[in-house]
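Everything below concerns the one structure shown next.
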Amino acid sequence: MTRDEAKTRIHRVMPPVVSEDWPNVPVDRAEGPWLESGDRRIADMMAGFAVVNAGHNHPGVIAAAREQMDRVVHAPAGVMVAEPQLALAEALARILPGDLDTVWFGNSGAEAIDAALKLARYSTGRFRFVSFYGSFHGRTLGATAVTGSRAGHRRGYGPLLPGVSFVPYPNCFRCPWGRRARDCSLECLDAVSEHFARVVPPEEVAAIIIEPVQGEGGFIPVPTKFLDGLRRMCDEHGILLIFDEIQTGFGRTGRMFAADTLGVKPDLICLAKAMASGFPISALAGPRSIMGGWAVGAHGTTFGGNAISAAAGLATLEVLEAEELPARAAALGARVLEKVGSWPERFARVGDVRGLGLMIGIEYVEPETGAPDGEAARIVLEGALERGFLFVPAGAEGQVVRLTPPLNVPEDLLWEAVDVLEDLTSGI
Ligand SMILES: Cc1ncc(COP(=O)(O)O)c(C=O)c1O
């Protein structure tokens, strides 16, 4: 199938929300970092949206899924118990930080977010949520309600969940207070306190939800000091701190979870994407003190924790550990950041490069004003695809090129990808 054929056919049977997305490249086969269609091969530098951290169709993951398929496909949780689902919960309980030892399975990231929001209300008896400008938590109505990265995600869907309010995210490149690292006094944390003092009584807040690295919002790591402060504030007011680690989880930021990388423990954690290398599954995990109060019948899902996905999840964890992929992400990511770190000085259209592990963003700007330049990013993305490298944008204007290759991407391919970006960037 050519890209043109694919376009014609998807326009006929799918809505523009899919058919007019970019770039809709046909894929017949995928292996490691490679996508193949006919005789065309493309290097996937977005890892299917940070999903195939162990690469596409890792043989160990595929073998585990196949084997499970021959045993049992569907064993709905609560009514039946399939070994891989139980074993995956046990494995997660073992590797998640601190006391996050109790796991509920869903199917998608947004479903895990909705579960977290419901449980936060259920267990605290409070109804409010505080989220951040720039955040992205998914597309269900609940997840959309706490999403603040683009008005387009919310337009036409209101009224959304009541009780949600937003505060500025600590975006150090576009600091709302115009600060730089040297004169920062965490005004962003004061803004949360002020929000509590003026707008939202903290004793009514069930949870604060945050991505440790904003993904869709532009690949912006949260400063540890801010996260420490948020943790303290939550403890002071009995508010649950929810980490959305749907994109940052499973080695992406250099440790198994960003909570480990940043050294701050949430009360609830949402996981999905890379958990099973592309087999659909998600999880909400928390301590027994919270999860243990979730009574039978209060929540559920038919397919959550599907046996094949769970088997693939267990195999994914084994691969991440055996190939030491989180550590590889940390080491390689640091080297990439070192190399691209000079780009803001060298290229007028690069405003900032930043990231954690192999979750790296390059932000394009208009040289005169510093405003986000989605057009420049678009030129780079189109050019890269023509040269056989798939990257996707992030940020409100699509001004950030995200680099999230599989964590076991061959080094020479990664450097080739960086060279392609450098070459294209130097030409705009
Ligand atoms: C941080 C974050 N949260 C939630 C989601 C939603 O996950 P899903 O698309 O599986 O519903 C995403 C998806 O991109 C995400 O990046």
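Letters A, B, ... go to the chains of the structure tokens in the order shown; residues in each chain start at 1; ligands are counted from 1 in the same order.
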
Per DSSP on the backbone, what are the alpha helix (DSSP H) residues of range 2-166 of chain A, as a PyMOL selection string? chain A and resi 3-13+16-19+47-50+59-71+83-95+109-124+141-145

Per residue of range 219-283 of chain A within 10 Å of range 171-191 of chain A, which atom pair is closest and at what distance in Å (one decimal), using only C-alpha atoms, listed by chain and increasing number, as a Markdown table?
```
| residue | atom | partner | partner_atom | distance |
| --- | --- | --- | --- | --- |
| A:Phe219 | CA | A:Asn171 | CA | 9.8 |
| A:Ile220 | CA | A:Asn171 | CA | 6.5 |
| A:Pro221 | CA | A:Asn171 | CA | 8.0 |
| A:Val222 | CA | A:Asn171 | CA | 7.5 |
| A:Pro223 | CA | A:Cys172 | CA | 8.3 |
| A:Lys225 | CA | A:Leu186 | CA | 8.0 |
| A:Phe226 | CA | A:Leu189 | CA | 6.3 |
| A:Leu227 | CA | A:Leu189 | CA | 8.9 |
| A:Asp228 | CA | A:Leu189 | CA | 9.9 |
| A:Gly229 | CA | A:Leu189 | CA | 6.8 |
| A:Leu230 | CA | A:Leu189 | CA | 7.2 |
| A:Met233 | CA | A:Leu189 | CA | 9.3 |
```

Prev. selection, N, CA and C atoms, output as a PDB file, in the first residue's frame:
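Saved result, again.pdb, follows:
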```pdb
ATOM      1  N   PHE A 219       7.216  18.155  25.948  1.00  0.00           N
ATOM      2  CA  PHE A 219       8.418  17.485  26.467  1.00  0.00           C
ATOM      3  C   PHE A 219       9.159  18.368  27.472  1.00  0.00           C
ATOM      4  N   ILE A 220       8.467  18.646  28.564  1.00  0.00           N
ATOM      5  CA  ILE A 220       9.003  19.569  29.572  1.00  0.00           C
ATOM      6  C   ILE A 220       9.131  18.839  30.907  1.00  0.00           C
ATOM      7  N   PRO A 221      10.372  18.533  31.325  1.00  0.00           N
ATOM      8  CA  PRO A 221      10.540  17.861  32.624  1.00  0.00           C
ATOM      9  C   PRO A 221      10.176  18.809  33.765  1.00  0.00           C
ATOM     10  N   VAL A 222       9.542  18.263  34.788  1.00  0.00           N
ATOM     11  CA  VAL A 222       9.203  19.088  35.944  1.00  0.00           C
ATOM     12  C   VAL A 222      10.453  19.232  36.821  1.00  0.00           C
ATOM     13  N   PRO A 223      10.781  20.432  37.290  1.00  0.00           N
ATOM     14  CA  PRO A 223      11.938  20.559  38.194  1.00  0.00           C
ATOM     15  C   PRO A 223      11.672  19.820  39.507  1.00  0.00           C
ATOM     16  N   LYS A 225      12.597  20.333  42.478  1.00  0.00           N
ATOM     17  CA  LYS A 225      12.232  21.184  43.627  1.00  0.00           C
ATOM     18  C   LYS A 225      10.743  21.476  43.638  1.00  0.00           C
ATOM     19  N   PHE A 226      10.194  21.694  42.453  1.00  0.00           N
ATOM     20  CA  PHE A 226       8.755  21.951  42.358  1.00  0.00           C
ATOM     21  C   PHE A 226       7.977  20.723  42.811  1.00  0.00           C
ATOM     22  N   LEU A 227       8.418  19.552  42.328  1.00  0.00           N
ATOM     23  CA  LEU A 227       7.714  18.311  42.649  1.00  0.00           C
ATOM     24  C   LEU A 227       7.792  18.016  44.154  1.00  0.00           C
ATOM     25  N   ASP A 228       8.970  18.292  44.744  1.00  0.00           N
ATOM     26  CA  ASP A 228       9.120  18.143  46.200  1.00  0.00           C
ATOM     27  C   ASP A 228       8.096  19.024  46.919  1.00  0.00           C
ATOM     28  N   GLY A 229       8.008  20.259  46.460  1.00  0.00           N
ATOM     29  CA  GLY A 229       7.089  21.218  47.083  1.00  0.00           C
ATOM     30  C   GLY A 229       5.644  20.774  46.944  1.00  0.00           C
ATOM     31  N   LEU A 230       5.318  20.251  45.767  1.00  0.00           N
ATOM     32  CA  LEU A 230       3.953  19.786  45.518  1.00  0.00           C
ATOM     33  C   LEU A 230       3.620  18.617  46.445  1.00  0.00           C
ATOM     34  N   MET A 233       2.920  19.945  49.848  1.00  0.00           N
ATOM     35  CA  MET A 233       1.618  20.602  49.876  1.00  0.00           C
ATOM     36  C   MET A 233       0.484  19.568  49.929  1.00  0.00           C
TER      37      MET A 233
END
```

Contacts of Ile242 in chain A at 6 Å or less, counting only C-alpha atoms, minus same-chain residues fewer than 2 places along, as a PyMOL selection string? chain A and resi 209+266-269

Selection within 8 Å of ligand 1 by only C-alpha atoms and all ligand atoms, output as a PyMOL selection string: chain A and resi 49+107-113+135-140+143+211+214-216+244-248+272-273+282

Generate a file of the selected residues that holds N, CA and C atoms, formatted as a PDB file, in the first residue's frame.
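Output file again-v2.pdb is given in full below:
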```pdb
ATOM      1  N   PHE A  49       4.620   6.391  19.622  1.00  0.00           N
ATOM      2  CA  PHE A  49       4.208   7.218  20.772  1.00  0.00           C
ATOM      3  C   PHE A  49       4.747   6.666  22.090  1.00  0.00           C
ATOM      4  N   ASN A 107      -7.415  -0.792  29.999  1.00  0.00           N
ATOM      5  CA  ASN A 107      -7.035  -1.064  28.612  1.00  0.00           C
ATOM      6  C   ASN A 107      -6.206   0.031  27.971  1.00  0.00           C
ATOM      7  N   SER A 108      -6.440   1.278  28.384  1.00  0.00           N
ATOM      8  CA  SER A 108      -5.764   2.404  27.733  1.00  0.00           C
ATOM      9  C   SER A 108      -5.342   3.408  28.791  1.00  0.00           C
ATOM     10  N   GLY A 109      -4.504   4.334  28.372  1.00  0.00           N
ATOM     11  CA  GLY A 109      -4.038   5.352  29.302  1.00  0.00           C
ATOM     12  C   GLY A 109      -5.189   6.154  29.880  1.00  0.00           C
ATOM     13  N   ALA A 110      -6.062   6.628  28.995  1.00  0.00           N
ATOM     14  CA  ALA A 110      -7.177   7.466  29.459  1.00  0.00           C
ATOM     15  C   ALA A 110      -8.052   6.707  30.455  1.00  0.00           C
ATOM     16  N   GLU A 111      -8.188   5.420  30.243  1.00  0.00           N
ATOM     17  CA  GLU A 111      -9.019   4.627  31.158  1.00  0.00           C
ATOM     18  C   GLU A 111      -8.371   4.555  32.551  1.00  0.00           C
ATOM     19  N   ALA A 112      -7.045   4.482  32.574  1.00  0.00           N
ATOM     20  CA  ALA A 112      -6.344   4.482  33.867  1.00  0.00           C
ATOM     21  C   ALA A 112      -6.503   5.839  34.555  1.00  0.00           C
ATOM     22  N   ILE A 113      -6.480   6.917  33.752  1.00  0.00           N
ATOM     23  CA  ILE A 113      -6.666   8.259  34.328  1.00  0.00           C
ATOM     24  C   ILE A 113      -8.070   8.380  34.921  1.00  0.00           C
ATOM     25  N   SER A 135      -0.930  20.222  30.284  1.00  0.00           N
ATOM     26  CA  SER A 135      -1.021  18.784  30.590  1.00  0.00           C
ATOM     27  C   SER A 135      -1.819  18.042  29.523  1.00  0.00           C
ATOM     28  N   PHE A 136      -1.513  16.763  29.375  1.00  0.00           N
ATOM     29  CA  PHE A 136      -2.321  15.898  28.508  1.00  0.00           C
ATOM     30  C   PHE A 136      -2.528  14.572  29.215  1.00  0.00           C
ATOM     31  N   HIS A 137      -3.800  14.209  29.389  1.00  0.00           N
ATOM     32  CA  HIS A 137      -4.075  12.969  30.116  1.00  0.00           C
ATOM     33  C   HIS A 137      -4.977  12.003  29.352  1.00  0.00           C
ATOM     34  N   GLY A 138      -5.364  12.357  28.130  1.00  0.00           N
ATOM     35  CA  GLY A 138      -6.143  11.402  27.346  1.00  0.00           C
ATOM     36  C   GLY A 138      -7.457  11.961  26.872  1.00  0.00           C
ATOM     37  N   ARG A 139      -8.254  11.095  26.239  1.00  0.00           N
ATOM     38  CA  ARG A 139      -9.390  11.568  25.450  1.00  0.00           C
ATOM     39  C   ARG A 139     -10.766  11.179  25.973  1.00  0.00           C
ATOM     40  N   THR A 140     -10.856  10.398  27.049  1.00  0.00           N
ATOM     41  CA  THR A 140     -12.188  10.162  27.617  1.00  0.00           C
ATOM     42  C   THR A 140     -12.654  11.470  28.240  1.00  0.00           C
ATOM     43  N   ALA A 143     -10.605  12.275  31.421  1.00  0.00           N
ATOM     44  CA  ALA A 143      -9.213  12.639  31.107  1.00  0.00           C
ATOM     45  C   ALA A 143      -9.164  13.971  30.358  1.00  0.00           C
ATOM     46  N   GLU A 211       2.040  15.197  35.024  1.00  0.00           N
ATOM     47  CA  GLU A 211       2.986  14.350  34.278  1.00  0.00           C
ATOM     48  C   GLU A 211       4.394  14.759  34.719  1.00  0.00           C
ATOM     49  N   GLN A 214       6.007  16.684  31.002  1.00  0.00           N
ATOM     50  CA  GLN A 214       4.859  16.902  30.116  1.00  0.00           C
ATOM     51  C   GLN A 214       5.204  16.388  28.730  1.00  0.00           C
ATOM     52  N   GLY A 215       4.324  15.554  28.173  1.00  0.00           N
ATOM     53  CA  GLY A 215       4.598  14.958  26.867  1.00  0.00           C
ATOM     54  C   GLY A 215       4.010  15.790  25.744  1.00  0.00           C
ATOM     55  N   GLU A 216       2.728  15.559  25.501  1.00  0.00           N
ATOM     56  CA  GLU A 216       2.002  16.300  24.463  1.00  0.00           C
ATOM     57  C   GLU A 216       2.230  17.822  24.603  1.00  0.00           C
ATOM     58  N   ASP A 244       0.855  10.896  36.290  1.00  0.00           N
ATOM     59  CA  ASP A 244       0.528  10.288  35.003  1.00  0.00           C
ATOM     60  C   ASP A 244       1.853   9.885  34.365  1.00  0.00           C
ATOM     61  N   GLU A 245       2.176   8.599  34.525  1.00  0.00           N
ATOM     62  CA  GLU A 245       3.438   8.074  33.955  1.00  0.00           C
ATOM     63  C   GLU A 245       3.145   7.238  32.711  1.00  0.00           C
ATOM     64  N   ILE A 246       2.055   7.600  32.065  1.00  0.00           N
ATOM     65  CA  ILE A 246       1.651   6.824  30.887  1.00  0.00           C
ATOM     66  C   ILE A 246       2.718   6.919  29.794  1.00  0.00           C
ATOM     67  N   GLN A 247       3.322   8.073  29.668  1.00  0.00           N
ATOM     68  CA  GLN A 247       4.378   8.210  28.659  1.00  0.00           C
ATOM     69  C   GLN A 247       5.784   8.057  29.250  1.00  0.00           C
ATOM     70  N   THR A 248       5.946   8.433  30.521  1.00  0.00           N
ATOM     71  CA  THR A 248       7.294   8.426  31.115  1.00  0.00           C
ATOM     72  C   THR A 248       7.690   7.061  31.684  1.00  0.00           C
ATOM     73  N   ALA A 272       0.575   2.965  31.148  1.00  0.00           N
ATOM     74  CA  ALA A 272      -0.012   2.353  29.935  1.00  0.00           C
ATOM     75  C   ALA A 272       1.097   2.239  28.887  1.00  0.00           C
ATOM     76  N   LYS A 273       0.837   2.754  27.707  1.00  0.00           N
ATOM     77  CA  LYS A 273       1.784   2.801  26.584  1.00  0.00           C
ATOM     78  C   LYS A 273       2.808   1.661  26.541  1.00  0.00           C
ATOM     79  N   SER A 282      -3.445  -1.089  30.527  1.00  0.00           N
ATOM     80  CA  SER A 282      -3.013   0.027  31.364  1.00  0.00           C
ATOM     81  C   SER A 282      -3.171  -0.381  32.817  1.00  0.00           C
TER      82      SER A 282
END
```

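Between Asp412 in chain A and the candidates A:Gly156, A:Glu203, A:Ala348, A:Pro33, the tightest atom-to-atom separation, counting only C-alpha atoms, involves A:Pro33.
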
Using only C-alpha atoms, which of A:Gln399, A:Asn53, A:Ser426, A:Thr369 sits nearest Val353 in chain A? A:Gln399

Report as an MDAnalysis selection string all protein, DNA and RNA residues lying within 9 Å of Lys118 in chain A, evaluated on only C-alpha atoms, omitting residues in the same chain fewer than 5 positions from it. chainID A and resid 113 123 142 299

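Closest to Val392 in chain A among A:Ile360, A:Ala371, A:Val130, A:Ala64 is A:Ile360, based on only C-alpha atoms.
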
Mind listing the strand (DSSP E or B) residues of range 270-377 of chain A, per DSSP on the backbone, as a PyMOL selection string? chain A and resi 270-271+282-286+350-356+359-365+372

Emit the selected residues as a compact mmCIF listing (two decimals), in the first residue's frame, including N, CA and C atoms.
```
# COMPACT_ATOMS: atom_id res chain seq x y z
N CYS A 270 -0.47 6.22 37.16
CA CYS A 270 -1.16 5.69 35.98
C CYS A 270 -0.12 5.25 34.96
N LEU A 271 -0.30 4.04 34.45
CA LEU A 271 0.66 3.46 33.50
C LEU A 271 -0.08 2.94 32.28
N SER A 282 -3.45 -1.09 30.53
CA SER A 282 -3.01 0.03 31.36
C SER A 282 -3.17 -0.38 32.82
N ALA A 283 -2.65 0.45 33.69
CA ALA A 283 -2.75 0.12 35.12
C ALA A 283 -2.86 1.38 35.95
N LEU A 284 -3.58 1.25 37.05
CA LEU A 284 -3.59 2.26 38.10
C LEU A 284 -3.05 1.56 39.33
N ALA A 285 -2.01 2.11 39.93
CA ALA A 285 -1.44 1.47 41.13
C ALA A 285 -1.39 2.47 42.28
N GLY A 286 -1.51 1.94 43.47
CA GLY A 286 -1.46 2.77 44.67
C GLY A 286 -1.19 1.90 45.87
N VAL A 350 16.12 27.34 16.88
CA VAL A 350 15.98 26.41 18.02
C VAL A 350 16.03 27.23 19.31
N GLY A 351 14.94 27.20 20.06
CA GLY A 351 14.89 27.98 21.30
C GLY A 351 15.42 27.19 22.47
N ASP A 352 15.15 25.87 22.47
CA ASP A 352 15.49 25.08 23.65
C ASP A 352 15.56 23.61 23.27
N VAL A 353 16.45 22.90 23.93
CA VAL A 353 16.42 21.43 23.87
C VAL A 353 16.44 20.94 25.31
N ARG A 354 15.68 19.89 25.57
CA ARG A 354 15.54 19.45 26.96
C ARG A 354 15.04 18.02 26.98
N GLY A 355 15.11 17.40 28.13
CA GLY A 355 14.57 16.06 28.23
C GLY A 355 15.13 15.30 29.41
N LEU A 356 14.62 14.11 29.55
CA LEU A 356 15.10 13.17 30.57
C LEU A 356 15.22 11.82 29.89
N MET A 359 13.69 10.83 26.28
CA MET A 359 12.45 11.59 26.05
C MET A 359 12.90 13.03 25.86
N ILE A 360 13.25 13.35 24.61
CA ILE A 360 13.95 14.61 24.35
C ILE A 360 13.14 15.45 23.38
N GLY A 361 13.04 16.74 23.69
CA GLY A 361 12.29 17.65 22.82
C GLY A 361 13.18 18.76 22.31
N ILE A 362 12.95 19.12 21.04
CA ILE A 362 13.68 20.25 20.44
C ILE A 362 12.62 21.29 20.08
N GLU A 363 12.70 22.45 20.72
CA GLU A 363 11.65 23.46 20.52
C GLU A 363 12.08 24.50 19.51
N TYR A 364 11.26 24.66 18.46
CA TYR A 364 11.54 25.62 17.40
C TYR A 364 10.82 26.94 17.69
N VAL A 365 11.51 28.05 17.41
CA VAL A 365 10.96 29.37 17.75
C VAL A 365 11.16 30.33 16.57
N PRO A 372 6.62 30.32 19.69
CA PRO A 372 6.66 28.95 19.17
C PRO A 372 6.51 28.94 17.66
```

Name the residues in contact with Glu422 in chain A at a cut-off of 12 Å, using only C-alpha atoms, excluding same-chain residues fewer than 2 positions from it; report them as a PyMOL selection string. chain A and resi 336+339-344+346-347+349-350+362+380-381+383-384+401+415-420+424-428

Keeping only N, CA and C atoms, take the residues you just selected and write them out as a compact mmCIF listing (two decimals), in the first residue's frame.
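Output below, filename part-v2.txt:
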```
# COMPACT_ATOMS: atom_id res chain seq x y z
N VAL A 336 22.92 12.36 23.84
CA VAL A 336 22.18 13.11 22.82
C VAL A 336 22.00 14.56 23.28
N LYS A 339 24.98 16.57 22.75
CA LYS A 339 25.21 16.92 21.35
C LYS A 339 24.25 18.02 20.88
N VAL A 340 22.98 17.87 21.21
CA VAL A 340 22.01 18.86 20.71
C VAL A 340 21.95 20.10 21.61
N GLY A 341 22.64 20.02 22.75
CA GLY A 341 22.60 21.13 23.71
C GLY A 341 23.09 22.44 23.13
N SER A 342 23.97 22.35 22.11
CA SER A 342 24.52 23.59 21.54
C SER A 342 23.61 24.19 20.46
N TRP A 343 22.55 23.48 20.10
CA TRP A 343 21.72 23.94 18.99
C TRP A 343 21.08 25.32 19.23
N PRO A 344 20.59 25.61 20.46
CA PRO A 344 20.01 26.95 20.64
C PRO A 344 21.01 28.07 20.34
N ARG A 346 23.58 27.65 18.16
CA ARG A 346 23.98 27.53 16.75
C ARG A 346 22.87 27.85 15.77
N PHE A 347 21.63 27.57 16.16
CA PHE A 347 20.53 27.72 15.21
C PHE A 347 19.50 28.72 15.76
N ARG A 349 16.59 29.24 14.98
CA ARG A 349 15.21 28.74 15.11
C ARG A 349 15.05 27.69 16.20
N VAL A 350 16.12 27.34 16.88
CA VAL A 350 15.98 26.41 18.02
C VAL A 350 16.03 27.23 19.31
N ILE A 362 12.95 19.12 21.04
CA ILE A 362 13.68 20.25 20.44
C ILE A 362 12.62 21.29 20.08
N VAL A 380 10.94 20.45 9.43
CA VAL A 380 11.91 19.44 9.87
C VAL A 380 11.27 18.04 9.85
N LEU A 381 10.04 17.97 10.35
CA LEU A 381 9.35 16.66 10.40
C LEU A 381 9.13 16.08 9.01
N GLY A 383 10.76 16.86 6.27
CA GLY A 383 12.07 16.56 5.67
C GLY A 383 12.63 15.25 6.21
N ALA A 384 12.47 15.05 7.52
CA ALA A 384 12.99 13.82 8.13
C ALA A 384 12.27 12.61 7.55
N VAL A 401 9.85 19.09 18.27
CA VAL A 401 10.09 17.78 17.65
C VAL A 401 10.50 16.82 18.76
N TRP A 415 22.33 8.19 15.98
CA TRP A 415 23.18 9.33 15.60
C TRP A 415 22.85 9.80 14.19
N GLU A 416 22.48 8.83 13.34
CA GLU A 416 22.06 9.22 11.98
C GLU A 416 20.80 10.09 12.05
N ALA A 417 19.88 9.68 12.93
CA ALA A 417 18.64 10.45 13.10
C ALA A 417 18.94 11.86 13.60
N VAL A 418 19.86 11.95 14.57
CA VAL A 418 20.23 13.27 15.11
C VAL A 418 20.89 14.11 14.02
N ASP A 419 21.73 13.47 13.19
CA ASP A 419 22.38 14.19 12.09
C ASP A 419 21.36 14.73 11.09
N VAL A 420 20.34 13.90 10.81
CA VAL A 420 19.28 14.35 9.88
C VAL A 420 18.58 15.58 10.46
N LEU A 424 18.63 19.28 8.72
CA LEU A 424 17.39 19.97 8.33
C LEU A 424 17.25 21.28 9.10
N THR A 425 17.65 21.27 10.38
CA THR A 425 17.52 22.46 11.19
C THR A 425 18.43 23.57 10.68
N SER A 426 19.60 23.18 10.23
CA SER A 426 20.56 24.19 9.74
C SER A 426 20.03 24.85 8.45
N GLY A 427 19.07 24.21 7.77
CA GLY A 427 18.58 24.74 6.50
C GLY A 427 17.33 25.60 6.63
N ILE A 428 16.80 25.77 7.83
CA ILE A 428 15.55 26.57 7.93
C ILE A 428 15.80 27.96 8.52
```

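Proximity to Leu413 in chain A was assessed for A:Gly388, A:Pro170, A:Gly249, A:Gly78 counting only C-alpha atoms; the smallest distance is recorded for A:Gly388.
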
Using only C-alpha atoms, which residues sit within 10 Å of Leu35 in chain A once same-chain residues fewer than 5 positions away are excluded, as a ChimeraX atom specification? /A:25-30,40-44,56,388-390

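For Glu20 in chain A, the list of residues within 12 Å, based on only C-alpha atoms and with local chain neighbours fewer than 4 positions off taken out, reads Ala6, Lys7, Thr8, Arg9, Ile10, His11, Arg12, Met14, Pro15, Pro16, Asn24 and Val25 of chain A.
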
Pull N, CA and C atoms from the residues just selected and write them as a JSON list (two decimals), in the first residue's frame.
```
[["chain", "number", "residue", "atom", "x", "y", "z"],
["A", 6, "ALA", "N", -3.34, 4.69, 0.84],
["A", 6, "ALA", "CA", -3.81, 4.65, 2.24],
["A", 6, "ALA", "C", -4.70, 5.86, 2.50],
["A", 7, "LYS", "N", -4.26, 7.02, 2.04],
["A", 7, "LYS", "CA", -5.01, 8.27, 2.26],
["A", 7, "LYS", "C", -6.40, 8.18, 1.67],
["A", 8, "THR", "N", -6.47, 7.74, 0.42],
["A", 8, "THR", "CA", -7.77, 7.65, -0.26],
["A", 8, "THR", "C", -8.69, 6.72, 0.52],
["A", 9, "ARG", "N", -8.16, 5.56, 0.92],
["A", 9, "ARG", "CA", -9.03, 4.59, 1.58],
["A", 9, "ARG", "C", -9.45, 5.05, 2.97],
["A", 10, "ILE", "N", -8.53, 5.62, 3.74],
["A", 10, "ILE", "CA", -8.95, 6.03, 5.11],
["A", 10, "ILE", "C", -9.91, 7.20, 5.05],
["A", 11, "HIS", "N", -9.77, 8.07, 4.04],
["A", 11, "HIS", "CA", -10.72, 9.17, 3.92],
["A", 11, "HIS", "C", -12.13, 8.67, 3.70],
["A", 12, "ARG", "N", -12.25, 7.52, 3.05],
["A", 12, "ARG", "CA", -13.57, 6.98, 2.75],
["A", 12, "ARG", "C", -14.24, 6.39, 4.00],
["A", 14, "MET", "N", -12.90, 6.45, 7.45],
["A", 14, "MET", "CA", -12.59, 6.93, 8.80],
["A", 14, "MET", "C", -12.80, 8.44, 8.86],
["A", 15, "PRO", "N", -13.11, 8.94, 10.07],
["A", 15, "PRO", "CA", -13.36, 10.38, 10.18],
["A", 15, "PRO", "C", -12.06, 11.17, 10.09],
["A", 16, "PRO", "N", -12.18, 12.47, 9.77],
["A", 16, "PRO", "CA", -10.98, 13.31, 9.65],
["A", 16, "PRO", "C", -10.10, 13.30, 10.90],
["A", 24, "ASN", "N", 0.18, 9.37, 8.66],
["A", 24, "ASN", "CA", -0.52, 8.18, 8.15],
["A", 24, "ASN", "C", 0.36, 7.36, 7.20],
["A", 25, "VAL", "N", 1.53, 6.94, 7.69],
["A", 25, "VAL", "CA", 2.41, 6.10, 6.85],
["A", 25, "VAL", "C", 1.92, 4.65, 6.89]]
```

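Computed from the coordinates, the CA of Leu421 in chain A to CA of Pro405 in chain A distance equals 13.6 Å.
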